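> Contents of data_10.cif (mmCIF, C-alpha atoms; chains and numbers go by the auth columns) are below:
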data_query
loop_
_atom_site.group_PDB
_atom_site.id
_atom_site.type_symbol
_atom_site.label_atom_id
_atom_site.label_comp_id
_atom_site.label_asym_id
_atom_site.label_seq_id
_atom_site.Cartn_x
_atom_site.Cartn_y
_atom_site.Cartn_z
_atom_site.B_iso_or_equiv
_atom_site.auth_seq_id
_atom_site.auth_asym_id
ATOM 1 C CA MET A 1 0.000 0.000 0.000 0.00 647 I
ATOM 2 C CA SER A 2 1.337 3.411 -0.960 0.00 648 I
ATOM 3 C CA MET A 3 0.257 6.051 1.535 0.00 649 I
ATOM 4 C CA ASP A 4 -1.544 9.015 -0.015 0.00 650 I
ATOM 5 C CA THR A 5 -2.747 11.955 2.088 0.00 651 I
ATOM 6 C CA GLU A 6 -5.769 12.765 -0.066 0.00 652 I
ATOM 7 C CA ALA A 7 -6.876 9.119 -0.202 0.00 653 I
ATOM 8 C CA SER A 8 -6.533 8.880 3.592 0.00 654 I
ATOM 9 C CA LEU A 9 -8.568 12.069 3.981 0.00 655 I
ATOM 10 C CA ARG A 10 -11.291 10.700 1.706 0.00 656 I
ATOM 11 C CA GLU A 11 -11.462 7.491 3.745 0.00 657 I
ATOM 12 C CA TYR A 12 -11.511 9.394 7.034 0.00 658 I
ATOM 13 C CA LEU A 13 -14.368 11.643 5.900 0.00 659 I
ATOM 14 C CA ARG A 14 -16.339 8.651 4.644 0.00 660 I
ATOM 15 C CA LEU A 15 -15.858 6.395 7.685 0.00 661 I
ATOM 16 C CA VAL A 16 -15.738 8.871 10.555 0.00 662 I
ATOM 17 C CA ALA A 17 -17.421 12.073 9.431 0.00 663 I
ATOM 18 C CA LYS A 18 -19.970 10.160 7.287 0.00 664 I
ATOM 19 C CA VAL A 19 -19.382 12.592 4.404 0.00 665 I
ATOM 20 C CA PRO A 20 -20.124 11.028 0.992 0.00 666 I
ATOM 21 C CA ILE A 21 -17.188 11.679 -1.336 0.00 667 I
ATOM 22 C CA ILE A 22 -17.580 11.554 -5.114 0.00 668 I
ATOM 23 C CA GLY A 23 -14.573 12.210 -7.312 0.00 669 I
ATOM 24 C CA HIS A 24 -11.783 14.388 -5.966 0.00 670 I
ATOM 25 C CA VAL A 25 -12.048 15.913 -2.528 0.00 671 I
ATOM 26 C CA GLY A 26 -11.556 19.356 -4.065 0.00 672 I
ATOM 27 C CA PRO A 27 -12.581 22.195 -1.728 0.00 673 I
ATOM 28 C CA VAL A 28 -12.442 19.892 1.298 0.00 674 I
ATOM 29 C CA ALA A 29 -8.814 19.054 0.515 0.00 675 I
ATOM 30 C CA ARG A 30 -7.979 22.740 0.171 0.00 676 I
ATOM 31 C CA ALA A 31 -9.669 23.447 3.484 0.00 677 I
ATOM 32 C CA PHE A 32 -7.709 20.584 5.026 0.00 678 I
ATOM 33 C CA ASP A 33 -4.446 22.047 3.707 0.00 679 I
ATOM 34 C CA PHE A 34 -5.336 25.355 5.349 0.00 680 I
ATOM 35 C CA VAL A 35 -6.102 23.688 8.674 0.00 681 I
ATOM 36 C CA ALA A 36 -3.003 21.481 8.467 0.00 682 I
ATOM 37 C CA THR A 37 -0.839 24.565 7.934 0.00 683 I
ATOM 38 C CA ALA A 38 -2.412 26.373 10.876 0.00 684 I
ATOM 39 C CA ALA A 39 -2.387 23.362 13.232 0.00 685 I
ATOM 40 C CA PRO A 40 0.883 21.382 13.136 0.00 686 I
ATOM 41 C CA GLY A 41 0.394 17.641 13.500 0.00 687 I
ATOM 42 C CA ILE A 42 -2.899 17.322 11.612 0.00 688 I
ATOM 43 C CA ARG A 43 -1.316 15.955 8.442 0.00 689 I
ATOM 44 C CA GLU A 44 0.908 13.574 10.429 0.00 690 I
ATOM 45 C CA ILE A 45 -2.015 12.279 12.500 0.00 691 I
ATOM 46 C CA LEU A 46 -3.850 11.438 9.282 0.00 692 I
ATOM 47 C CA THR A 47 -0.892 9.381 8.070 0.00 693 I
ATOM 48 C CA VAL A 48 -0.220 7.449 11.265 0.00 694 I
ATOM 49 C CA GLY A 49 -3.957 7.166 11.908 0.00 695 I
ATOM 50 C CA LYS A 50 -4.436 5.342 8.620 0.00 696 I
ATOM 51 C CA LEU A 51 -1.815 2.771 9.619 0.00 697 I
ATOM 52 C CA CYS A 52 -3.343 2.272 13.053 0.00 698 I
ATOM 53 C CA PHE A 53 -6.806 1.981 11.516 0.00 699 I
ATOM 54 C CA GLU A 54 -5.644 -0.944 9.368 0.00 700 I
ATOM 55 C CA ILE A 55 -4.218 -2.631 12.470 0.00 701 I
ATOM 56 C CA ARG A 56 -7.320 -1.995 14.554 0.00 702 I
ATOM 57 C CA ALA A 57 -9.620 -3.244 11.779 0.00 703 I
ATOM 58 C CA GLY A 58 -7.633 -6.490 11.519 0.00 704 I
ATOM 59 C CA HIS A 59 -7.275 -6.269 7.745 0.00 705 I
ATOM 60 C CA TYR A 60 -3.771 -7.750 7.878 0.00 706 I
ATOM 61 C CA ASP A 61 -1.933 -10.279 10.033 0.00 707 I
ATOM 62 C CA LEU A 62 1.189 -8.132 10.033 0.00 708 I
ATOM 63 C CA VAL A 63 1.761 -4.511 9.030 0.00 709 I
ATOM 64 C CA VAL A 64 5.305 -3.546 8.050 0.00 710 I
ATOM 65 C CA VAL A 65 5.880 0.157 7.436 0.00 711 I
ATOM 66 C CA ASP A 66 8.765 1.478 5.377 0.00 712 I
ATOM 67 C CA ALA A 67 8.923 4.739 7.273 0.00 713 I
ATOM 68 C CA SER A 68 9.957 8.150 5.992 0.00 714 I
ATOM 69 C CA SER A 69 13.221 9.905 6.807 0.00 715 I
ATOM 70 C CA THR A 70 14.485 10.258 10.371 0.00 716 I
ATOM 71 C CA GLY A 71 13.122 13.746 10.987 0.00 717 I
ATOM 72 C CA SER A 72 9.714 13.070 9.445 0.00 718 I
ATOM 73 C CA VAL A 73 8.993 9.761 11.162 0.00 719 I
ATOM 74 C CA VAL A 74 9.501 11.246 14.633 0.00 720 I
ATOM 75 C CA GLY A 75 6.980 13.972 13.829 0.00 721 I
ATOM 76 C CA GLN A 76 4.464 11.426 12.551 0.00 722 I
ATOM 77 C CA LEU A 77 4.776 9.140 15.588 0.00 723 I
ATOM 78 C CA ALA A 78 4.698 12.054 18.016 0.00 724 I
ATOM 79 C CA ALA A 79 1.639 13.690 16.397 0.00 725 I
ATOM 80 C CA PRO A 80 -1.029 11.786 18.422 0.00 726 I
ATOM 81 C CA THR A 81 0.577 12.886 21.682 0.00 727 I
ATOM 82 C CA GLY A 82 0.678 16.487 20.493 0.00 728 I
ATOM 83 C CA ILE A 83 -2.973 16.408 19.437 0.00 729 I
ATOM 84 C CA ASN A 84 -3.949 14.913 22.804 0.00 730 I
ATOM 85 C CA GLU A 85 -2.268 17.801 24.585 0.00 731 I
ATOM 86 C CA LEU A 86 -4.309 20.286 22.544 0.00 732 I
ATOM 87 C CA ILE A 87 -7.697 18.529 22.440 0.00 733 I
ATOM 88 C CA ARG A 88 -9.240 17.218 25.658 0.00 734 I
ATOM 89 C CA VAL A 89 -12.649 15.958 24.503 0.00 735 I
ATOM 90 C CA GLY A 90 -14.500 15.006 21.341 0.00 736 I
ATOM 91 C CA VAL A 91 -14.223 12.605 18.427 0.00 737 I
ATOM 92 C CA VAL A 92 -10.644 13.514 17.557 0.00 738 I
ATOM 93 C CA ARG A 93 -9.520 12.978 21.151 0.00 739 I
ATOM 94 C CA SER A 94 -11.146 9.540 21.315 0.00 740 I
ATOM 95 C CA GLN A 95 -9.417 8.568 18.079 0.00 741 I
ATOM 96 C CA THR A 96 -5.976 9.689 19.187 0.00 742 I
ATOM 97 C CA ASP A 97 -6.517 7.729 22.408 0.00 743 I
ATOM 98 C CA TRP A 98 -6.796 4.394 20.601 0.00 744 I
ATOM 99 C CA ILE A 99 -3.993 5.374 18.192 0.00 745 I
ATOM 100 C CA LEU A 100 -1.712 5.984 21.172 0.00 746 I
ATOM 101 C CA GLU A 101 -2.842 2.697 22.691 0.00 747 I
ATOM 102 C CA ILE A 102 -1.703 0.839 19.570 0.00 748 I
ATOM 103 C CA LEU A 103 1.549 2.769 19.153 0.00 749 I
ATOM 104 C CA GLY A 104 2.477 2.465 22.816 0.00 750 I
ATOM 105 C CA ASP A 105 1.898 -1.290 23.111 0.00 751 I
ATOM 106 C CA PRO A 106 5.339 -2.970 22.711 0.00 752 I
ATOM 107 C CA VAL A 107 3.652 -6.296 21.979 0.00 753 I
ATOM 108 C CA ARG A 108 1.839 -4.846 18.954 0.00 754 I
ATOM 109 C CA THR A 109 4.121 -2.066 17.753 0.00 755 I
ATOM 110 C CA GLY A 110 7.884 -1.726 17.525 0.00 756 I
ATOM 111 C CA ALA A 111 10.352 0.403 15.615 0.00 757 I
ATOM 112 C CA VAL A 112 13.211 -1.271 13.765 0.00 758 I
ATOM 113 C CA LEU A 113 16.149 1.012 13.008 0.00 759 I
ATOM 114 C CA VAL A 114 18.388 0.080 10.075 0.00 760 I
ATOM 115 C CA THR A 115 21.900 1.483 9.852 0.00 761 I
ATOM 116 C CA THR A 116 25.284 0.673 8.352 0.00 762 I
ATOM 117 C CA PRO A 117 28.656 0.389 10.142 0.00 763 I
ATOM 118 C CA GLU A 118 29.726 3.928 9.239 0.00 764 I
ATOM 119 C CA GLU A 119 30.081 7.091 11.296 0.00 765 I
ATOM 120 C CA MET A 120 27.191 9.192 9.921 0.00 766 I
ATOM 121 C CA PRO A 121 24.550 6.408 9.770 0.00 767 I
ATOM 122 C CA VAL A 122 25.455 5.295 13.307 0.00 768 I
ATOM 123 C CA ASN A 123 25.179 8.883 14.554 0.00 769 I
ATOM 124 C CA GLU A 124 21.708 9.145 12.994 0.00 770 I
ATOM 125 C CA ALA A 125 20.633 5.810 14.479 0.00 771 I
ATOM 126 C CA VAL A 126 21.746 6.807 17.969 0.00 772 I
ATOM 127 C CA ASP A 127 19.960 10.161 17.638 0.00 773 I
ATOM 128 C CA LEU A 128 16.767 8.526 16.347 0.00 774 I
ATOM 129 C CA ALA A 129 16.769 5.936 19.144 0.00 775 I
ATOM 130 C CA GLY A 130 16.963 8.738 21.683 0.00 776 I
ATOM 131 C CA ARG A 131 14.202 10.761 20.017 0.00 777 I
ATOM 132 C CA LEU A 132 11.906 7.751 19.795 0.00 778 I
ATOM 133 C CA ALA A 133 12.295 7.228 23.531 0.00 779 I
ATOM 134 C CA SER A 134 11.828 10.879 24.507 0.00 780 I
ATOM 135 C CA GLU A 135 9.303 12.150 21.938 0.00 781 I
ATOM 136 C CA THR A 136 7.145 9.198 20.885 0.00 782 I
ATOM 137 C CA PRO A 137 5.268 6.328 22.568 0.00 783 I
ATOM 138 C CA VAL A 138 6.814 3.743 20.234 0.00 784 I
ATOM 139 C CA HIS A 139 9.054 1.015 21.642 0.00 785 I
ATOM 140 C CA LEU A 140 12.417 0.377 19.948 0.00 786 I
ATOM 141 C CA ALA A 141 12.218 -3.305 18.999 0.00 787 I
ATOM 142 C CA CYS A 142 15.698 -3.773 17.539 0.00 788 I
ATOM 143 C CA VAL A 143 18.494 -2.204 15.513 0.00 789 I
ATOM 144 C CA VAL A 144 19.714 -3.846 12.305 0.00 790 I
ATOM 145 C CA ALA A 145 23.255 -3.212 11.093 0.00 791 I
ATOM 146 C CA ASN A 146 23.241 -3.729 7.326 0.00 792 I
ATOM 147 C CA ARG A 147 26.155 -4.313 4.959 0.00 793 I
ATOM 148 C CA VAL A 148 28.510 -5.735 7.597 0.00 794 I
ATOM 149 C CA LEU A 149 31.695 -6.996 5.954 0.00 795 I
ATOM 150 C CA PRO A 150 32.879 -10.516 6.812 0.00 796 I
ATOM 151 C CA GLU A 151 36.113 -10.990 8.731 0.00 797 I
ATOM 152 C CA LEU A 152 38.778 -12.145 6.253 0.00 798 I
ATOM 153 C CA PHE A 153 41.276 -12.972 8.973 0.00 799 I
ATOM 154 C CA GLY A 154 41.826 -12.107 12.602 0.00 800 I
ATOM 155 C CA ARG A 155 44.765 -10.350 14.187 0.00 801 I
ATOM 156 C CA SER A 156 46.459 -13.704 14.819 0.00 802 I
ATOM 157 C CA GLU A 157 46.674 -14.269 11.041 0.00 803 I
ATOM 158 C CA GLU A 158 47.810 -10.712 10.348 0.00 804 I
ATOM 159 C CA GLN A 159 51.477 -11.607 10.804 0.00 805 I
ATOM 160 C CA VAL A 160 51.190 -14.254 8.092 0.00 806 I
ATOM 161 C CA PHE A 161 49.413 -11.770 5.786 0.00 807 I
ATOM 162 C CA ASN A 162 52.126 -9.160 6.335 0.00 808 I
ATOM 163 C CA GLU A 163 54.758 -11.770 5.561 0.00 809 I
ATOM 164 C CA ILE A 164 53.304 -12.787 2.188 0.00 810 I
ATOM 165 C CA THR A 165 52.935 -9.137 1.128 0.00 811 I
ATOM 166 C CA ARG A 166 56.713 -8.576 1.349 0.00 812 I
ATOM 167 C CA PRO A 167 58.236 -7.920 -2.109 0.00 813 I
ATOM 168 C CA ALA A 168 60.392 -11.035 -1.928 0.00 814 I
ATOM 169 C CA ARG A 169 57.332 -13.182 -1.241 0.00 815 I
ATOM 170 C CA LEU A 170 55.141 -11.686 -3.958 0.00 816 I
ATOM 171 C CA ASP A 171 57.096 -13.172 -6.865 0.00 817 I
ATOM 172 C CA LEU A 172 57.145 -16.587 -5.175 0.00 818 I
ATOM 173 C CA LEU A 173 53.389 -16.404 -4.503 0.00 819 I
ATOM 174 C CA ALA A 174 52.653 -15.285 -8.062 0.00 820 I
ATOM 175 C CA ARG A 175 54.647 -18.173 -9.548 0.00 821 I
ATOM 176 C CA GLY A 176 53.027 -20.631 -7.163 0.00 822 I
ATOM 177 C CA ILE A 177 49.473 -19.767 -8.271 0.00 823 I
ATOM 178 C CA GLY A 178 50.336 -19.037 -11.897 0.00 824 I
ATOM 179 C CA ALA A 179 49.333 -15.363 -11.834 0.00 825 I
ATOM 180 C CA SER A 180 51.043 -12.082 -12.545 0.00 826 I
ATOM 181 C CA ARG A 181 52.675 -10.132 -9.761 0.00 827 I
ATOM 182 C CA GLU A 182 50.382 -7.151 -10.491 0.00 828 I
ATOM 183 C CA LEU A 183 47.276 -9.267 -10.036 0.00 829 I
ATOM 184 C CA VAL A 184 48.566 -10.667 -6.737 0.00 830 I
ATOM 185 C CA GLU A 185 49.355 -7.155 -5.511 0.00 831 I
ATOM 186 C CA ASP A 186 45.842 -5.974 -6.427 0.00 832 I
ATOM 187 C CA VAL A 187 44.192 -8.869 -4.584 0.00 833 I
ATOM 188 C CA LEU A 188 46.310 -8.367 -1.472 0.00 834 I
ATOM 189 C CA ALA A 189 45.683 -4.610 -1.513 0.00 835 I
ATOM 190 C CA ALA A 190 41.929 -5.244 -1.750 0.00 836 I
ATOM 191 C CA ALA A 191 42.157 -7.692 1.169 0.00 837 I
ATOM 192 C CA ARG A 192 43.998 -5.141 3.304 0.00 838 I
ATOM 193 C CA LEU A 193 41.424 -2.469 2.443 0.00 839 I
ATOM 194 C CA ALA A 194 38.550 -4.831 3.343 0.00 840 I
ATOM 195 C CA VAL A 195 40.158 -5.610 6.702 0.00 841 I
ATOM 196 C CA THR A 196 40.663 -1.904 7.428 0.00 842 I
ATOM 197 C CA VAL A 197 37.089 -1.015 6.491 0.00 843 I
ATOM 198 C CA ARG A 198 35.722 -3.865 8.597 0.00 844 I
ATOM 199 C CA ARG A 199 37.747 -2.850 11.648 0.00 845 I
ATOM 200 C CA ASP A 200 36.547 0.733 11.299 0.00 846 I
ATOM 201 C CA GLY A 201 32.988 -0.595 11.026 0.00 847 I
ATOM 202 C CA VAL A 202 33.422 -2.732 14.138 0.00 848 I
ATOM 203 C CA ALA A 203 34.457 0.367 16.083 0.00 849 I
ATOM 204 C CA HIS A 204 31.295 2.184 14.957 0.00 850 I
ATOM 205 C CA LEU A 205 29.109 -0.808 15.841 0.00 851 I
ATOM 206 C CA GLU A 206 30.698 -1.057 19.284 0.00 852 I
ATOM 207 C CA ARG A 207 29.798 2.590 19.852 0.00 853 I
ATOM 208 C CA LEU A 208 26.260 1.894 18.624 0.00 854 I
ATOM 209 C CA ARG A 209 25.934 -1.010 21.055 0.00 855 I
ATOM 210 C CA ALA A 210 27.131 1.200 23.901 0.00 856 I
ATOM 211 C CA GLU A 211 24.741 4.056 23.023 0.00 857 I
ATOM 212 C CA ILE A 212 21.484 2.123 22.694 0.00 858 I
ATOM 213 C CA ALA A 213 19.703 0.384 25.562 0.00 859 I
ATOM 214 C CA PRO A 214 21.284 -2.968 26.497 0.00 860 I
ATOM 215 C CA ASP A 215 17.955 -4.801 26.150 0.00 861 I
ATOM 216 C CA VAL A 216 17.549 -3.725 22.493 0.00 862 I
ATOM 217 C CA PRO A 217 18.833 -6.469 20.154 0.00 863 I
ATOM 218 C CA LEU A 218 21.507 -5.468 17.628 0.00 864 I
ATOM 219 C CA LEU A 219 21.287 -7.719 14.560 0.00 865 I
ATOM 220 C CA TYR A 220 23.823 -7.995 11.737 0.00 866 I
ATOM 221 C CA VAL A 221 23.115 -8.449 8.032 0.00 867 I
ATOM 222 C CA PRO A 222 26.157 -9.345 5.909 0.00 868 I
ATOM 223 C CA TYR A 223 27.278 -7.323 2.919 0.00 869 I
ATOM 224 C CA LEU A 224 25.862 -8.972 -0.206 0.00 870 I
ATOM 225 C CA PHE A 225 28.359 -8.835 -3.048 0.00 871 I
ATOM 226 C CA ALA A 226 25.818 -8.759 -5.880 0.00 872 I
ATOM 227 C CA ARG A 227 24.867 -6.281 -8.587 0.00 873 I
ATOM 228 C CA SER A 228 21.128 -6.910 -8.255 0.00 874 I
ATOM 229 C CA HIS A 229 19.016 -7.956 -5.282 0.00 875 I
ATOM 230 C CA GLY A 230 16.155 -10.356 -5.962 0.00 876 I
ATOM 231 C CA LEU A 231 14.519 -13.296 -4.225 0.00 877 I
ATOM 232 C CA CYS A 232 17.882 -14.949 -3.555 0.00 878 I
ATOM 233 C CA ALA A 233 19.109 -11.845 -1.710 0.00 879 I
ATOM 234 C CA VAL A 234 15.894 -11.667 0.309 0.00 880 I
ATOM 235 C CA ARG A 235 16.410 -15.280 1.397 0.00 881 I
ATOM 236 C CA GLN A 236 20.012 -14.560 2.374 0.00 882 I
ATOM 237 C CA VAL A 237 18.940 -11.590 4.500 0.00 883 I
ATOM 238 C CA ALA A 238 16.117 -13.612 6.099 0.00 884 I
ATOM 239 C CA ARG A 239 18.514 -16.449 6.889 0.00 885 I
ATOM 240 C CA ALA A 240 21.038 -14.051 8.422 0.00 886 I
ATOM 241 C CA LEU A 241 18.403 -12.386 10.605 0.00 887 I
ATOM 242 C CA SER A 242 17.025 -15.763 11.702 0.00 888 I
ATOM 243 C CA GLU A 243 20.496 -16.930 12.737 0.00 889 I
ATOM 244 C CA GLU A 244 21.019 -13.668 14.644 0.00 890 I
ATOM 245 C CA LEU A 245 17.763 -14.053 16.522 0.00 891 I
ATOM 246 C CA LEU A 246 18.603 -17.643 17.494 0.00 892 I
ATOM 247 C CA THR A 247 22.049 -16.780 18.887 0.00 893 I
#
If you convert what's in this file into structure tokens, what do you get?

Amino acid sequence: MSMDTEASLREYLRLVAKVPIIGHVGPVARAFDFVATAAPGIREILTVGKLCFEIRAGHYDLVVVDASSTGSVVGQLAAPTGINELIRVGVVRSQTDWILEILGDPVRTGAVLVTTPEEMPVNEAVDLAGRLASETPVHLACVVANRVLPELFGRSEEQVFNEITRPARLDLLARGIGASRELVEDVLAAARLAVTVRRDGVAHLERLRAEIAPDVPLLYVPYLFARSHGLCAVRQVARALSEELLT
């Protein structure tokens, strides 16, 4: 389902306000835009309210939301609380009450943050986790670290790696595998770069683990070395997440 503000408004007017809508909303939509501009949170409550309505109506067994950007999603999830602080009685208040009940139930609703083992994405994930806790009723279910590079070798094997990268060893290695010295140098340089990038990523993930609550699971998804991502990639990601949850 692709969320559309006008379609959500049409459905809200039909189901709640009992206003028959034929064709485009037209003047009603323009009036709504005016009200939404004057009263912050109205547009966001319509978006998150549509999602909660689908959950409350039981139309689906599971609702997975690909949320908007970091700044926008906090505003959307915090909108019901803001409306409740402004409106004490009436239809709107009763609706935001059950929306907050759904959003605030950790058994029914949880936020999943996805990041990568890099400085900026980790900073954003830490900031978003804090804002979810302080500004919204939504429980942080888990954090997923995507594109985690595999460990080529540990520090105990690093001495061996350094030894075979010596100039005197390169010619011997190249002759042994029947490849050119340039090709061997390129492969070894790529391996060293991958190890460096992974170690930098591990440092960022360690900081992420320290910054988020200890009871929030941190799951790892490996870097998929593929040009296109189809059903096979989905199965690989599902398998990786399943293994993480079982460990």
> Take CA of Ile748 (chain I) and CA of Cys698 (chain I) and report the distance between them in Å, one decimal.
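Answer for the CA of Ile748 (chain I) to CA of Cys698 (chain I) separation: 6.9 Å.
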> Hey, what comes out of the PyMOL selection byres ((chain I and resi 881-893) around 12) on this file? Could you write it as a PyMOL selection string?
chain I and resi 788-794+862-872+875-880
> Quote the spacing between CA of Ser718 (chain I) and CA of Gln741 (chain I) in Å to one decimal place.
21.5 Å
> Just the number, please: distance in Å from CA of Leu708 (chain I) to CA of Ser648 (chain I), one decimal.
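CA of Ser648 (chain I) lies at a distance of 15.9 Å from CA of Leu708 (chain I).
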> Expanded to explicit residues, what is the PyMOL selection byres ((chain I and resi 855-858) around 10) for this file, as a PDB file with C-alpha atoms, in the frame of the given file?

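Ended up saving to out_24.pdb:
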ATOM      1  CA  VAL I 768      25.455   5.295  13.307  1.00  0.00           C
ATOM      2  CA  ASN I 769      25.179   8.883  14.554  1.00  0.00           C
ATOM      3  CA  ALA I 771      20.633   5.810  14.479  1.00  0.00           C
ATOM      4  CA  VAL I 772      21.746   6.807  17.969  1.00  0.00           C
ATOM      5  CA  ASP I 773      19.960  10.161  17.638  1.00  0.00           C
ATOM      6  CA  ALA I 775      16.769   5.936  19.144  1.00  0.00           C
ATOM      7  CA  GLY I 776      16.963   8.738  21.683  1.00  0.00           C
ATOM      8  CA  LEU I 786      12.417   0.377  19.948  1.00  0.00           C
ATOM      9  CA  CYS I 788      15.698  -3.773  17.539  1.00  0.00           C
ATOM     10  CA  VAL I 789      18.494  -2.204  15.513  1.00  0.00           C
ATOM     11  CA  ALA I 849      34.457   0.367  16.083  1.00  0.00           C
ATOM     12  CA  HIS I 850      31.295   2.184  14.957  1.00  0.00           C
ATOM     13  CA  LEU I 851      29.109  -0.808  15.841  1.00  0.00           C
ATOM     14  CA  GLU I 852      30.698  -1.057  19.284  1.00  0.00           C
ATOM     15  CA  ARG I 853      29.798   2.590  19.852  1.00  0.00           C
ATOM     16  CA  LEU I 854      26.260   1.894  18.624  1.00  0.00           C
ATOM     17  CA  ALA I 859      19.703   0.384  25.562  1.00  0.00           C
ATOM     18  CA  PRO I 860      21.284  -2.968  26.497  1.00  0.00           C
ATOM     19  CA  ASP I 861      17.955  -4.801  26.150  1.00  0.00           C
ATOM     20  CA  VAL I 862      17.549  -3.725  22.493  1.00  0.00           C
ATOM     21  CA  PRO I 863      18.833  -6.469  20.154  1.00  0.00           C
ATOM     22  CA  LEU I 864      21.507  -5.468  17.628  1.00  0.00           C
TER      23      LEU I 864
END
> Starting from the PyMOL selection byres ((chain I and resi 725) around 8), expand the selection into actual residues of this file and give them as a list in words.
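Selected by the PyMOL selection byres ((chain I and resi 725) around 8) here: Gly687, Ile688, Glu690, Ile691, Gly721, Gln722, Leu723, Ala724, Pro726, Thr727, Gly728 and Ile729 of chain I.
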